[in-house]
$ cat upload34.cif   # mmCIF, C-alpha atoms
data_entry
loop_
_atom_site.label_atom_id
_atom_site.label_comp_id
_atom_site.auth_asym_id
_atom_site.auth_seq_id
_atom_site.Cartn_x
_atom_site.Cartn_y
_atom_site.Cartn_z
CA MET L 1479 -39.56 49.29 -21.18
CA GLU L 1480 -39.24 50.41 -17.56
CA ASN L 1481 -37.73 48.10 -15.03
CA SER L 1482 -40.09 46.75 -12.41
CA ILE L 1483 -39.15 45.81 -8.89
CA LEU L 1484 -39.18 42.14 -9.97
CA ASP L 1485 -36.20 42.80 -12.27
CA PHE L 1486 -34.00 43.54 -9.24
CA ILE L 1487 -34.53 40.07 -7.80
CA PRO L 1488 -31.51 37.93 -8.78
CA ARG L 1489 -32.25 34.74 -10.70
CA VAL L 1490 -32.40 31.68 -8.48
CA PRO L 1491 -30.04 29.09 -10.08
CA VAL L 1492 -32.45 26.15 -9.75
CA SER L 1493 -31.24 24.58 -13.00
CA GLU L 1494 -27.61 24.70 -11.86
CA TRP L 1495 -28.53 23.19 -8.47
CA ILE L 1496 -30.40 20.29 -10.07
CA THR L 1497 -27.53 19.71 -12.52
CA ASP L 1498 -25.01 19.72 -9.66
CA VAL L 1499 -27.08 17.19 -7.68
CA ILE L 1500 -27.42 14.86 -10.69
CA ASP L 1501 -23.70 15.20 -11.47
CA TRP L 1502 -22.78 14.45 -7.85
CA LEU L 1503 -25.03 11.39 -7.73
CA THR L 1504 -23.77 9.99 -11.03
CA ALA L 1505 -20.14 10.61 -10.03
CA ASN L 1506 -20.31 9.19 -6.50
CA LEU L 1507 -22.96 6.48 -6.85
CA ALA L 1508 -21.99 5.23 -10.30
CA PHE L 1509 -21.09 1.80 -8.87
CA LEU L 1510 -24.61 1.46 -7.43
CA PHE L 1511 -26.38 2.59 -10.61
CA ASP L 1512 -24.16 0.31 -12.73
CA ALA L 1513 -24.96 -2.65 -10.46
CA ILE L 1514 -28.71 -1.94 -10.67
CA GLN L 1515 -28.48 -1.49 -14.45
CA ASP L 1516 -26.51 -4.72 -14.98
CA GLY L 1517 -28.56 -6.79 -12.52
CA GLY L 1518 -31.86 -5.34 -13.68
CA LYS L 1519 -31.01 -5.85 -17.34
CA TRP L 1520 -30.01 -9.47 -16.74
CA PHE L 1521 -33.18 -10.15 -14.73
CA MET L 1522 -35.53 -8.49 -17.22
CA GLU L 1523 -34.00 -10.20 -20.24
CA THR L 1524 -33.91 -13.61 -18.52
CA ALA L 1525 -37.51 -13.30 -17.30
CA THR L 1526 -38.70 -12.16 -20.73
CA ASP L 1527 -36.84 -15.03 -22.44
CA LEU L 1528 -38.53 -17.48 -20.06
CA LEU L 1529 -41.88 -15.87 -20.82
CA LEU L 1530 -41.21 -16.26 -24.55
CA LEU L 1531 -40.57 -19.98 -24.03
CA ILE L 1532 -44.25 -20.39 -23.22
CA PRO L 1533 -46.09 -21.17 -26.47
CA PRO L 1534 -48.54 -18.37 -27.34
CA ILE L 1535 -51.51 -20.76 -27.29
CA VAL L 1536 -50.63 -21.85 -23.73
CA PHE L 1537 -50.24 -18.23 -22.57
CA ILE L 1538 -53.58 -17.34 -24.17
CA LEU L 1539 -55.31 -20.26 -22.44
CA ILE L 1540 -53.82 -19.21 -19.07
CA MET L 1541 -55.08 -15.66 -19.51
CA VAL L 1542 -58.51 -16.90 -20.62
CA ALA L 1543 -58.68 -19.12 -17.52
CA LEU L 1544 -57.75 -16.16 -15.31
CA ALA L 1545 -60.45 -14.05 -16.95
CA PHE L 1546 -62.98 -16.86 -16.49
CA ILE L 1547 -62.18 -17.18 -12.77
CA ALA L 1548 -62.04 -13.41 -12.19
CA THR L 1549 -65.50 -12.85 -13.69
CA ASN L 1550 -67.17 -15.71 -11.79
CA LYS L 1551 -67.42 -17.96 -14.85
CA LYS L 1552 -68.96 -15.35 -17.16
CA ILE L 1553 -67.86 -15.73 -20.77
CA GLY L 1554 -67.68 -12.13 -22.03
CA LEU L 1555 -64.18 -11.27 -20.80
CA PRO L 1556 -62.68 -14.70 -21.58
CA ILE L 1557 -63.91 -14.41 -25.18
CA PHE L 1558 -62.52 -10.88 -25.46
CA THR L 1559 -59.20 -12.05 -23.95
CA ALA L 1560 -58.91 -14.91 -26.43
CA ILE L 1561 -59.77 -12.76 -29.46
CA GLY L 1562 -57.54 -9.89 -28.32
CA LEU L 1563 -54.46 -12.02 -27.69
CA VAL L 1564 -54.95 -14.01 -30.92
CA TYR L 1565 -55.15 -10.66 -32.75
CA ILE L 1566 -51.83 -9.53 -31.20
CA GLN L 1567 -50.14 -12.81 -32.12
CA ASN L 1568 -51.62 -12.65 -35.62
CA GLN L 1569 -50.12 -9.19 -36.15
CA GLY L 1570 -46.61 -10.41 -35.31
CA LEU L 1571 -46.50 -8.50 -32.02
CA TRP L 1572 -46.12 -11.41 -29.62
CA GLU L 1573 -42.49 -10.72 -28.64
CA PRO L 1574 -43.09 -6.96 -28.10
CA LEU L 1575 -46.17 -7.93 -26.06
CA MET L 1576 -44.04 -10.10 -23.75
CA TYR L 1577 -41.50 -7.28 -23.26
CA THR L 1578 -44.33 -4.89 -22.47
CA PHE L 1579 -45.98 -7.40 -20.13
CA MET L 1580 -42.70 -7.90 -18.25
CA LEU L 1581 -42.03 -4.15 -17.95
CA VAL L 1582 -45.53 -3.51 -16.58
CA LEU L 1583 -45.31 -6.51 -14.24
CA VAL L 1584 -41.93 -5.52 -12.73
CA ALA L 1585 -42.84 -1.82 -12.47
CA SER L 1586 -46.16 -2.68 -10.80
CA LEU L 1587 -44.60 -5.12 -8.32
CA LEU L 1588 -41.93 -2.58 -7.34
CA SER L 1589 -44.60 0.11 -6.96
CA ILE L 1590 -46.64 -2.19 -4.69
CA LEU L 1591 -43.61 -3.18 -2.60
CA ILE L 1592 -42.75 0.49 -2.06
CA GLY L 1593 -46.26 1.94 -2.11
CA VAL L 1594 -48.17 -0.23 0.38
CA PRO L 1595 -45.66 0.20 3.28
CA SER L 1596 -45.43 3.92 2.47
CA GLY L 1597 -49.23 4.23 2.59
CA ILE L 1598 -49.34 2.38 5.92
CA LEU L 1599 -46.66 4.73 7.27
CA MET L 1600 -48.69 7.76 6.15
CA ALA L 1601 -51.81 6.39 7.84
CA LYS L 1602 -49.97 5.75 11.11
CA SER L 1603 -47.74 8.83 11.30
CA LYS L 1604 -48.82 12.46 10.93
CA VAL L 1605 -45.21 13.48 10.31
CA ALA L 1606 -44.86 10.97 7.47
CA ASN L 1607 -48.19 12.13 6.05
CA VAL L 1608 -47.05 15.78 6.06
CA ILE L 1609 -43.72 14.89 4.40
CA LEU L 1610 -44.95 12.40 1.80
CA THR L 1611 -48.11 14.23 0.64
CA PRO L 1612 -46.27 17.07 -1.23
CA ILE L 1613 -43.80 14.52 -2.64
CA LEU L 1614 -46.71 12.52 -4.08
CA ASP L 1615 -48.28 15.74 -5.42
CA PHE L 1616 -44.95 16.53 -7.11
CA MET L 1617 -44.70 13.04 -8.61
CA GLN L 1618 -48.25 13.16 -10.01
CA THR L 1619 -48.11 16.68 -11.46
CA MET L 1620 -44.63 16.56 -13.01
CA PRO L 1621 -44.87 15.78 -16.77
CA ALA L 1622 -43.99 12.14 -17.35
CA PHE L 1623 -41.30 13.02 -19.90
CA VAL L 1624 -39.25 14.75 -17.18
CA TYR L 1625 -38.76 11.40 -15.42
CA LEU L 1626 -36.80 10.18 -18.43
CA ILE L 1627 -33.98 12.67 -17.73
CA PRO L 1628 -32.76 11.24 -14.38
CA ALA L 1629 -33.54 7.72 -15.63
CA VAL L 1630 -31.10 8.16 -18.53
CA ALA L 1631 -28.54 9.97 -16.34
CA PHE L 1632 -28.50 7.15 -13.78
CA PHE L 1633 -29.07 4.02 -15.87
CA GLY L 1634 -28.43 4.88 -19.53
CA ILE L 1635 -30.96 3.45 -21.99
CA GLY L 1636 -32.93 0.20 -22.05
CA MET L 1637 -35.53 -1.56 -19.93
CA VAL L 1638 -34.10 -0.62 -16.52
CA PRO L 1639 -34.50 3.16 -16.94
CA GLY L 1640 -37.92 2.40 -18.43
CA VAL L 1641 -38.93 0.54 -15.28
CA PHE L 1642 -37.42 3.32 -13.12
CA SER L 1643 -39.49 6.05 -14.81
CA ALA L 1644 -42.62 3.84 -14.80
CA VAL L 1645 -42.30 3.21 -11.06
CA ILE L 1646 -42.01 6.93 -10.27
CA PHE L 1647 -45.02 7.68 -12.47
CA ALA L 1648 -47.21 4.79 -11.29
CA LEU L 1649 -46.36 4.70 -7.56
CA PRO L 1650 -48.57 7.49 -6.08
CA PRO L 1651 -52.03 5.83 -6.43
CA THR L 1652 -50.96 2.78 -4.40
CA VAL L 1653 -49.57 5.00 -1.63
CA ARG L 1654 -52.60 7.31 -1.54
CA PHE L 1655 -55.23 4.54 -1.67
CA THR L 1656 -53.46 2.48 1.02
CA ASN L 1657 -53.36 5.55 3.25
CA LEU L 1658 -57.02 6.31 2.50
CA GLY L 1659 -58.18 2.72 3.00
CA ILE L 1660 -56.61 2.39 6.44
CA ARG L 1661 -57.90 5.78 7.55
CA GLN L 1662 -61.44 4.78 6.49
CA VAL L 1663 -61.52 1.76 8.81
CA SER L 1664 -64.08 2.61 11.48
CA GLU L 1665 -62.77 3.56 14.91
CA GLU L 1666 -65.26 1.14 16.49
CA MET L 1667 -63.58 -1.80 14.73
CA VAL L 1668 -60.14 -0.62 15.84
CA GLU L 1669 -61.32 -0.09 19.42
CA ALA L 1670 -62.93 -3.53 19.44
CA ALA L 1671 -59.64 -5.08 18.33
CA GLU L 1672 -57.79 -3.14 21.03
CA SER L 1673 -60.29 -4.22 23.67
CA PHE L 1674 -59.42 -7.87 22.89
CA GLY L 1675 -55.77 -7.09 23.56
CA SER L 1676 -54.55 -6.99 19.96
CA THR L 1677 -51.07 -5.67 19.38
CA GLY L 1678 -50.36 -3.01 16.79
CA SER L 1679 -49.24 -5.52 14.16
CA GLN L 1680 -52.24 -7.81 14.86
CA ARG L 1681 -54.59 -4.84 14.50
CA LEU L 1682 -52.93 -3.86 11.24
CA PHE L 1683 -52.76 -7.29 9.57
CA LYS L 1684 -56.00 -8.81 10.94
CA VAL L 1685 -58.33 -5.80 11.00
CA GLU L 1686 -57.18 -2.71 9.13
CA LEU L 1687 -55.56 -4.22 6.01
CA PRO L 1688 -58.39 -6.76 5.38
CA LEU L 1689 -61.03 -4.02 5.75
CA ALA L 1690 -59.03 -1.67 3.52
CA LYS L 1691 -58.39 -4.35 0.89
CA ALA L 1692 -60.92 -3.07 -1.68
CA THR L 1693 -59.54 0.48 -1.55
CA ILE L 1694 -55.92 -0.72 -1.71
CA MET L 1695 -56.69 -2.94 -4.69
CA ALA L 1696 -58.32 0.02 -6.46
CA GLY L 1697 -55.04 1.93 -6.04
CA ILE L 1698 -53.01 -1.03 -7.30
CA ASN L 1699 -55.30 -1.29 -10.32
CA GLN L 1700 -54.57 2.36 -11.15
CA THR L 1701 -50.86 1.75 -10.66
CA VAL L 1702 -50.87 -1.10 -13.19
CA LEU L 1703 -52.69 1.00 -15.79
CA LEU L 1704 -50.36 3.98 -15.22
CA ALA L 1705 -47.34 1.69 -15.64
CA LEU L 1706 -48.85 0.48 -18.90
CA SER L 1707 -49.42 4.07 -20.02
CA MET L 1708 -45.68 4.74 -19.58
CA VAL L 1709 -44.76 2.03 -22.09
CA VAL L 1710 -44.76 4.37 -25.09
CA ILE L 1711 -42.88 7.13 -23.25
CA ALA L 1712 -40.31 4.68 -21.85
CA SER L 1713 -39.63 3.39 -25.36
CA MET L 1714 -38.10 6.79 -26.14
CA ILE L 1715 -35.16 5.80 -23.92
CA GLY L 1716 -34.77 2.35 -25.43
CA ALA L 1717 -37.32 0.23 -23.56
CA PRO L 1718 -38.41 -2.51 -25.99
CA GLY L 1719 -42.02 -3.58 -26.47
CA LEU L 1720 -45.22 -2.36 -28.08
CA GLY L 1721 -44.32 1.26 -27.25
CA GLU L 1722 -41.20 0.92 -29.39
CA ARG L 1723 -43.37 -0.09 -32.35
CA VAL L 1724 -45.58 2.98 -31.80
CA ILE L 1725 -42.59 5.33 -31.65
CA ASN L 1726 -41.01 3.77 -34.76
CA ALA L 1727 -44.28 4.20 -36.66
CA LEU L 1728 -44.54 7.81 -35.46
CA GLN L 1729 -41.00 8.63 -36.61
CA ARG L 1730 -41.67 7.15 -40.07
CA ALA L 1731 -45.25 8.49 -40.36
CA GLN L 1732 -46.56 4.93 -40.74
CA VAL L 1733 -50.19 5.16 -39.67
CA GLY L 1734 -51.08 1.48 -40.11
CA PRO L 1735 -48.30 -0.12 -38.00
CA GLY L 1736 -48.72 2.57 -35.35
CA PHE L 1737 -52.46 1.92 -35.10
CA VAL L 1738 -51.95 -1.86 -34.90
CA ALA L 1739 -49.43 -1.51 -32.04
CA GLY L 1740 -51.59 1.08 -30.28
CA LEU L 1741 -54.64 -1.19 -30.51
CA ALA L 1742 -52.58 -4.03 -29.00
CA LEU L 1743 -51.79 -1.77 -26.02
CA VAL L 1744 -55.49 -0.99 -25.59
CA VAL L 1745 -56.36 -4.71 -25.68
CA LEU L 1746 -53.71 -5.48 -23.04
CA ALA L 1747 -54.92 -2.60 -20.85
CA ILE L 1748 -58.55 -3.78 -20.99
CA ILE L 1749 -57.62 -7.38 -20.19
CA LEU L 1750 -55.43 -6.45 -17.19
CA ASP L 1751 -57.95 -3.92 -15.89
CA ARG L 1752 -60.98 -6.23 -16.09
CA ILE L 1753 -59.15 -9.22 -14.60
CA MET L 1754 -57.90 -7.13 -11.66
CA GLN L 1755 -61.34 -5.62 -11.11
CA GLY L 1756 -62.83 -9.10 -11.12
CA PHE L 1757 -60.43 -10.40 -8.47
CA ASN L 1758 -60.94 -7.22 -6.44
CA LYS L 1759 -64.70 -7.89 -6.22
CA LYS L 1760 -64.22 -11.40 -4.88
#
$ encode --input "upload34.cif" --output "structure tokens"
Amino acid sequence: MENSILDFIPRVPVSEWITDVIDWLTANLAFLFDAIQDGGKWFMETATDLLLLIPPIVFILIMVALAFIATNKKIGLPIFTAIGLVYIQNQGLWEPLMYTFMLVLVASLLSILIGVPSGILMAKSKVANVILTPILDFMQTMPAFVYLIPAVAFFGIGMVPGVFSAVIFALPPTVRFTNLGIRQVSEEMVEAAESFGSTGSQRLFKVELPLAKATIMAGINQTVLLALSMVVIASMIGAPGLGERVINALQRAQVGPGFVAGLALVVLAIILDRIMQGFNKK
């Protein structure tokens, strides 16, 4: 086979560069990663243990009440919530459910704490918008399994690397929708606020963020569901929960247990999604 001109281009050592960067970070920032791993592990286990102290019937009633309030006192979602959670408890999956709930909760809160300010920054700064847009594109197009590699390199195995990979995977929608929501606020409203002498922070917190609330909440809703979708993948690096049950069933070709755990994840996803949509419409 004849050589083409492309064969004379030397191979770019991208793999070696990435490996060198990861090695440098793990060698020089090991104290930081160890501190995050130890602190994060302690927090996640303590919070989950506290969550498990709540009797299942009390937790179910709390979730039913939330569903009832979110849907303006309609009974469809509360009934589904009660039946779904009783089903999960009946199948012996209550403890994995609490681990999954805590992982999704922490990953979603971290994504919101990072994502909303980043989206505001993108809306206010063209430079930030130009820099962050390709980074968000990269985060959303990279296969989710790839995020497990740096997570394991930095934090080992367990819930902390699971939360780390879930945050990277679930963060972009909150950033993009916050940016979009603020940009969609009409210029007339902004000019009216400025004409009354509002400062930048007053304009942001009293005009732009309230008007962009529905769009921002839509992004947060997507973030929560994406974090939940990472549960099974994160279990491959030791994150406990319903995803762990799915992976164990897959490895042993046990269709029944895998289906039961998968159905529990679907039930949890529907409950969280509908409750958040209900509060978003208020």
$ closest_residue --input "upload34.cif" --among "L:Gly1593, L:Asp1751, L:Phe1632, L:Met1522" --to "Trp1502 (chain L)" --atoms "only C-alpha atoms"
L:Phe1632
$ resolve_selection --input "upload34.cif" --expression "the PyMOL selection byres ((chain L and resi 1512) around 12)" --output "list in words"
Thr1504, Ala1505, Asn1506, Leu1507, Ala1508, Phe1509, Leu1510, Phe1511, Ala1513, Ile1514, Gln1515, Asp1516, Gly1517, Gly1518, Lys1519, Val1630, Ala1631, Phe1632, Phe1633, Gly1634, Ile1635, Val1638 and Pro1639 of chain L
$ write_last_selection --input "upload34.cif" --atoms "C-alpha atoms" --output "short mmCIF file (atom, residue, chain, number, x, y, z; two decimals), in the coordinates of the input"
data_model
loop_
_atom_site.label_atom_id
_atom_site.label_comp_id
_atom_site.auth_asym_id
_atom_site.auth_seq_id
_atom_site.Cartn_x
_atom_site.Cartn_y
_atom_site.Cartn_z
CA THR L 1504 -23.77 9.99 -11.03
CA ALA L 1505 -20.14 10.61 -10.03
CA ASN L 1506 -20.31 9.19 -6.50
CA LEU L 1507 -22.96 6.48 -6.85
CA ALA L 1508 -21.99 5.23 -10.30
CA PHE L 1509 -21.09 1.80 -8.87
CA LEU L 1510 -24.61 1.46 -7.43
CA PHE L 1511 -26.38 2.59 -10.61
CA ALA L 1513 -24.96 -2.65 -10.46
CA ILE L 1514 -28.71 -1.94 -10.67
CA GLN L 1515 -28.48 -1.49 -14.45
CA ASP L 1516 -26.51 -4.72 -14.98
CA GLY L 1517 -28.56 -6.79 -12.52
CA GLY L 1518 -31.86 -5.34 -13.68
CA LYS L 1519 -31.01 -5.85 -17.34
CA VAL L 1630 -31.10 8.16 -18.53
CA ALA L 1631 -28.54 9.97 -16.34
CA PHE L 1632 -28.50 7.15 -13.78
CA PHE L 1633 -29.07 4.02 -15.87
CA GLY L 1634 -28.43 4.88 -19.53
CA ILE L 1635 -30.96 3.45 -21.99
CA VAL L 1638 -34.10 -0.62 -16.52
CA PRO L 1639 -34.50 3.16 -16.94
#
$ atom_distance --input "upload34.cif" --atom1 "CA of Gly1716 (chain L)" --atom2 "CA of Phe1642 (chain L)"
12.6 Å
$ atom_distance --input "upload34.cif" --atom1 "CA of Val1668 (chain L)" --atom2 "CA of Glu1686 (chain L)"
7.6 Å
$ residues_around --input "upload34.cif" --residues "region 1540-1543 of chain L" --least-positions-apart "6" --cutoff "7 Å" --atoms "all atoms listed in the file" --output "mmCIF file with C-alpha atoms, in the coordinates of the input"
data_model
loop_
_atom_site.group_PDB
_atom_site.id
_atom_site.type_symbol
_atom_site.label_atom_id
_atom_site.label_comp_id
_atom_site.auth_asym_id
_atom_site.auth_seq_id
_atom_site.Cartn_x
_atom_site.Cartn_y
_atom_site.Cartn_z
ATOM 1 C CA PRO L 1556 -62.680 -14.700 -21.580
ATOM 2 C CA THR L 1559 -59.200 -12.050 -23.950
ATOM 3 C CA ALA L 1560 -58.910 -14.910 -26.430
#
$ atom_distance --input "upload34.cif" --atom1 "CA of Leu1703 (chain L)" --atom2 "CA of Phe1558 (chain L)"
18.2 Å
$ resolve_selection --input "upload34.cif" --expression "the PyMOL selection byres ((chain L and resi 1598) around 10)" --output "compact mmCIF listing (two decimals) with C-alpha atoms, in the frame of the given file"
# COMPACT_ATOMS: atom_id res chain seq x y z
CA GLY L 1593 -46.26 1.94 -2.11
CA VAL L 1594 -48.17 -0.23 0.38
CA PRO L 1595 -45.66 0.20 3.28
CA SER L 1596 -45.43 3.92 2.47
CA GLY L 1597 -49.23 4.23 2.59
CA LEU L 1599 -46.66 4.73 7.27
CA MET L 1600 -48.69 7.76 6.15
CA ALA L 1601 -51.81 6.39 7.84
CA LYS L 1602 -49.97 5.75 11.11
CA SER L 1603 -47.74 8.83 11.30
CA ALA L 1606 -44.86 10.97 7.47
CA ASN L 1607 -48.19 12.13 6.05
CA VAL L 1653 -49.57 5.00 -1.63
CA ARG L 1654 -52.60 7.31 -1.54
CA PHE L 1655 -55.23 4.54 -1.67
CA THR L 1656 -53.46 2.48 1.02
CA ASN L 1657 -53.36 5.55 3.25
CA LEU L 1658 -57.02 6.31 2.50
CA GLY L 1659 -58.18 2.72 3.00
CA ILE L 1660 -56.61 2.39 6.44
CA ARG L 1661 -57.90 5.78 7.55
CA LEU L 1682 -52.93 -3.86 11.24
CA GLU L 1686 -57.18 -2.71 9.13
CA LEU L 1687 -55.56 -4.22 6.01
$ closest_residue --input "upload34.cif" --among "L:Gly1697, L:Ile1749, L:Pro1612, L:Leu1741" --to "Leu1571 (chain L)" --atoms "all atoms listed in the file"
L:Leu1741
$ closest_residue --input "upload34.cif" --among "L:Thr1526, L:Lys1759, L:Val1536, L:Ile1487" --to "Leu1581 (chain L)" --atoms "only C-alpha atoms"
L:Thr1526
$ resolve_selection --input "upload34.cif" --expression "the PyMOL selection byres ((chain L and resi 1574-1576) around 10)" --output "short mmCIF file (atom, residue, chain, number, x, y, z; two decimals) with C-alpha atoms, in the frame of the given file"
data_model
loop_
_atom_site.label_atom_id
_atom_site.label_comp_id
_atom_site.auth_asym_id
_atom_site.auth_seq_id
_atom_site.Cartn_x
_atom_site.Cartn_y
_atom_site.Cartn_z
CA ALA L 1525 -37.51 -13.30 -17.30
CA THR L 1526 -38.70 -12.16 -20.73
CA ASP L 1527 -36.84 -15.03 -22.44
CA LEU L 1528 -38.53 -17.48 -20.06
CA LEU L 1529 -41.88 -15.87 -20.82
CA LEU L 1530 -41.21 -16.26 -24.55
CA LEU L 1563 -54.46 -12.02 -27.69
CA ILE L 1566 -51.83 -9.53 -31.20
CA GLN L 1567 -50.14 -12.81 -32.12
CA GLY L 1570 -46.61 -10.41 -35.31
CA LEU L 1571 -46.50 -8.50 -32.02
CA TRP L 1572 -46.12 -11.41 -29.62
CA GLU L 1573 -42.49 -10.72 -28.64
CA TYR L 1577 -41.50 -7.28 -23.26
CA THR L 1578 -44.33 -4.89 -22.47
CA PHE L 1579 -45.98 -7.40 -20.13
CA MET L 1580 -42.70 -7.90 -18.25
CA LEU L 1581 -42.03 -4.15 -17.95
CA VAL L 1582 -45.53 -3.51 -16.58
CA PRO L 1718 -38.41 -2.51 -25.99
CA GLY L 1719 -42.02 -3.58 -26.47
CA LEU L 1720 -45.22 -2.36 -28.08
CA GLY L 1721 -44.32 1.26 -27.25
CA GLU L 1722 -41.20 0.92 -29.39
CA ARG L 1723 -43.37 -0.09 -32.35
CA ALA L 1739 -49.43 -1.51 -32.04
CA ALA L 1742 -52.58 -4.03 -29.00
CA LEU L 1743 -51.79 -1.77 -26.02
CA LEU L 1746 -53.71 -5.48 -23.04
#
$ residues_around --input "upload34.cif" --residues "Phe1647 (chain L)" --least-positions-apart "6" --cutoff "7 Å" --atoms "all atoms listed in the file" --output "list in words"
Met1617, Gln1618 and Ala1622 of chain L
$ write_last_selection --input "upload34.cif" --atoms "C-alpha atoms" --output "PDB file, in the frame of the given file"
ATOM      1  CA  MET L1617     -44.700  13.040  -8.610  1.00  0.00           C
ATOM      2  CA  GLN L1618     -48.250  13.160 -10.010  1.00  0.00           C
ATOM      3  CA  ALA L1622     -43.990  12.140 -17.350  1.00  0.00           C
TER       4      ALA L1622
END
$ closest_residue --input "upload34.cif" --among "L:Ile1753, L:Ala1692, L:Ile1590, L:Ala1747" --to "Pro1651 (chain L)" --atoms "all atoms listed in the file"
L:Ile1590
$ closest_residue --input "upload34.cif" --among "L:Leu1689, L:Ala1585, L:Ile1535, L:Met1754" --to "Met1667 (chain L)" --atoms "all atoms listed in the file"
L:Leu1689
$ closest_residue --input "upload34.cif" --among "L:Ala1648, L:Val1710, L:Ile1592, L:Arg1681" --to "Leu1728 (chain L)" --atoms "all atoms listed in the file"
L:Val1710
$ decode --input "upload34.cif" --residues "region 1565-1576 of chain L" --atoms "N, CA, C and O atoms" --output "mmCIF file, in the first residue's frame"
data_model
loop_
_atom_site.group_PDB
_atom_site.id
_atom_site.type_symbol
_atom_site.label_atom_id
_atom_site.label_comp_id
_atom_site.auth_asym_id
_atom_site.auth_seq_id
_atom_site.Cartn_x
_atom_site.Cartn_y
_atom_site.Cartn_z
ATOM 1 N N TYR L 1565 -43.508 -0.058 46.926
ATOM 2 C CA TYR L 1565 -42.950 -1.138 46.094
ATOM 3 C C TYR L 1565 -41.443 -1.291 46.338
ATOM 4 O O TYR L 1565 -40.935 -2.413 46.520
ATOM 5 N N ILE L 1566 -40.719 -0.167 46.376
ATOM 6 C CA ILE L 1566 -39.261 -0.224 46.577
ATOM 7 C C ILE L 1566 -38.939 -0.819 47.949
ATOM 8 O O ILE L 1566 -38.040 -1.654 48.097
ATOM 9 N N GLN L 1567 -39.688 -0.390 48.971
ATOM 10 C CA GLN L 1567 -39.445 -0.921 50.315
ATOM 11 C C GLN L 1567 -39.792 -2.400 50.369
ATOM 12 O O GLN L 1567 -39.089 -3.205 50.999
ATOM 13 N N ASN L 1568 -40.871 -2.784 49.687
ATOM 14 C CA ASN L 1568 -41.315 -4.177 49.663
ATOM 15 C C ASN L 1568 -40.288 -5.102 49.006
ATOM 16 O O ASN L 1568 -40.162 -6.265 49.377
ATOM 17 N N GLN L 1569 -39.531 -4.559 48.056
ATOM 18 C CA GLN L 1569 -38.530 -5.366 47.349
ATOM 19 C C GLN L 1569 -37.175 -5.402 48.062
ATOM 20 O O GLN L 1569 -36.188 -5.898 47.513
ATOM 21 N N GLY L 1570 -37.123 -4.847 49.278
ATOM 22 C CA GLY L 1570 -35.870 -4.865 50.031
ATOM 23 C C GLY L 1570 -34.812 -3.920 49.498
ATOM 24 O O GLY L 1570 -33.614 -4.159 49.683
ATOM 25 N N LEU L 1571 -35.250 -2.840 48.836
ATOM 26 C CA LEU L 1571 -34.295 -1.915 48.221
ATOM 27 C C LEU L 1571 -34.276 -0.560 48.922
ATOM 28 O O LEU L 1571 -33.855 0.425 48.330
ATOM 29 N N TRP L 1572 -34.751 -0.513 50.182
ATOM 30 C CA TRP L 1572 -34.843 0.782 50.833
ATOM 31 C C TRP L 1572 -33.461 1.394 51.085
ATOM 32 O O TRP L 1572 -33.245 2.589 50.826
ATOM 33 N N GLU L 1573 -32.532 0.607 51.606
ATOM 34 C CA GLU L 1573 -31.185 1.145 51.878
ATOM 35 C C GLU L 1573 -30.477 1.582 50.587
ATOM 36 O O GLU L 1573 -29.940 2.703 50.545
ATOM 37 N N PRO L 1574 -30.477 0.753 49.521
ATOM 38 C CA PRO L 1574 -29.902 1.250 48.255
ATOM 39 C C PRO L 1574 -30.597 2.514 47.754
ATOM 40 O O PRO L 1574 -29.946 3.381 47.172
ATOM 41 N N LEU L 1575 -31.923 2.608 47.978
ATOM 42 C CA LEU L 1575 -32.647 3.816 47.555
ATOM 43 C C LEU L 1575 -32.114 5.049 48.281
ATOM 44 O O LEU L 1575 -31.927 6.100 47.667
ATOM 45 N N MET L 1576 -31.840 4.924 49.586
ATOM 46 C CA MET L 1576 -31.349 6.072 50.345
ATOM 47 C C MET L 1576 -29.948 6.479 49.874
ATOM 48 O O MET L 1576 -29.632 7.671 49.782
#
